[in-house]
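Asker: Please see the structure below; I have some questions.
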Amino acid sequence: NLSELYTKTTVSELKMEKMTEATEGAAHLFDTEEKEAHVPRFCREEQRLTGSVRGSAFHRAMELLDFADTPQNVSKKEMTDIVNQLLERFMADRKMTEEERDCIYAAKIADFLLTDVAGRMRRADRKGLLKKEQPFMLGLPANRVREEFPAGETVLIQGIIDVCWEEDGEIVVLDYKTDRVDREEELISRYQTQLAYYGEALATITGKRVKELLIYSFHFGSVCGLQEQPMPSPP
């Protein structure tokens, strides 16, 4: 009965398991027809760019951004120019490869930096309360992972949280997504399990209540909230 019981897994594997149960296919990552002055090398060489590569590149850019040092009250064009300059600097400093830079549409990052949630992140970062690419490991009763597993066994779940911050003594979790979907509800359904694990891990680690689980969709250019889900509280 225990032949399929594993002792360690990742949030990504659990997410894909849930997605497979709900749909026959995996997620399609967005592609865009939007053009910028910068002509990517992959276009010049007529190479095919996969959505997963673009998603990784966007995550790398968001990891490198210094939120505390980015302006807020500027126009979309000004913010796009600032992002382009930052991306070129990351590449010059060898913090980002040319291939990664070629994958990124600066205007989409500019859209995010002009949102209210980016302003909240900016304020938290200036107080030293913002964490990016935060790794964690969480031990759960095995039957929480699969009903057929015994409750007396423990499964370790590991993952990396894109960004989280403390706000008014509580925790906010945000995950960046580049999936191309028709409706925001589909995005929420696809990733609510993943965000719930992130929230539970942070509640356990910090001893603070998680008040919001958020997704930022680069495809829609908007924040999707999971407020309808139970908010994880510290044990």
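By order in the structure tokens, chains are A, B, ...; within a chain, residues start at 1; ligands start at 1, following the order shown.
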Which residues, written as a PyMOL selection string, have at least one atom at most 7 Å from Leu138 of chain A, with only C-alpha atoms counted and residues fewer than 6 positions away on the same chain left out?
Answerer: chain A and resi 156-158+201
Asker: Can you write just those residues out, N, CA, C and O atoms, as an mmCIF file, in the first residue's frame?
Answerer:
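Output file result.cif follows:
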```cif
data_model
loop_
_atom_site.group_PDB
_atom_site.id
_atom_site.type_symbol
_atom_site.label_atom_id
_atom_site.label_comp_id
_atom_site.auth_asym_id
_atom_site.auth_seq_id
_atom_site.Cartn_x
_atom_site.Cartn_y
_atom_site.Cartn_z
ATOM 1 N N LEU A 156 7.752 15.943 2.589
ATOM 2 C CA LEU A 156 8.393 17.253 2.536
ATOM 3 C C LEU A 156 8.108 17.897 1.186
ATOM 4 O O LEU A 156 8.312 17.285 0.147
ATOM 5 N N ILE A 157 7.626 19.125 1.227
ATOM 6 C CA ILE A 157 7.335 19.879 0.011
ATOM 7 C C ILE A 157 8.277 21.070 -0.047
ATOM 8 O O ILE A 157 8.384 21.834 0.912
ATOM 9 N N GLN A 158 8.964 21.221 -1.177
ATOM 10 C CA GLN A 158 9.859 22.363 -1.326
ATOM 11 C C GLN A 158 9.432 23.209 -2.514
ATOM 12 O O GLN A 158 8.796 22.721 -3.444
ATOM 13 N N ALA A 201 3.226 27.699 3.951
ATOM 14 C CA ALA A 201 4.639 27.677 4.327
ATOM 15 C C ALA A 201 5.041 28.966 5.028
ATOM 16 O O ALA A 201 5.714 28.945 6.070
#
```
Asker: In terms of the shortest atom-to-atom distance over only C-alpha atoms, which of A:Ala118, A:Met79, A:Ala124, A:Ala110 is closest to Glu170 of chain A?
Answerer: A:Ala124
Asker: I'd like the contact shell of Gln72 of chain A - 12 Å cut-off, only C-alpha atoms, skipping same-chain residues fewer than 2 positions apart - returned as a list in words.
Answerer: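 Near neighbours after the sequence-gap exclusion: Phe67, Ala68, Asp69, Thr70, Val74, Ser75, Lys76, Glu78, Met79, Thr80, Ile82, Ala110, Asp111, Phe112, Leu113, Leu114, Thr115, Asp116, Val117, Ala118, Gly119, Arg120, Met121, Arg122 and Arg123 of chain A.
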Asker: Using DSSP secondary structure from the backbone, list all alpha helix (DSSP H) positions within segment 23-173 of chain A, as a ChimeraX atom specification.
Answerer: /A:41-44,51-64,76-92,98-103,106-113,116-126,142-145
Asker: Skip Leu64 of chain A itself and residues of its chain fewer than 6 positions away, then list as a list in words all residues within 12 Å of it, counting only C-alpha atoms.
Answerer: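 Final neighbour list, sorted by chain and number: Ala57, Phe58, Thr70, Val83, Leu86, Leu87, Arg89, Phe90, Met91, Asp93, Arg94, Lys95, Met96, Lys131, Lys132, Glu133, Asp162 and Val163 of chain A.
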Asker: Using Å and a single decimal, report how far atom CA of Ser52 of chain A sits from atom CA of Glu99 of chain A.
Answerer: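 These atoms are spaced 13.0 Å apart.
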Asker: Enumerate the residues of segment 74-206 of chain A with a DSSP assignment of strand (DSSP E), computed from the backbone, and present them as a count of residues only.
Answerer: 34
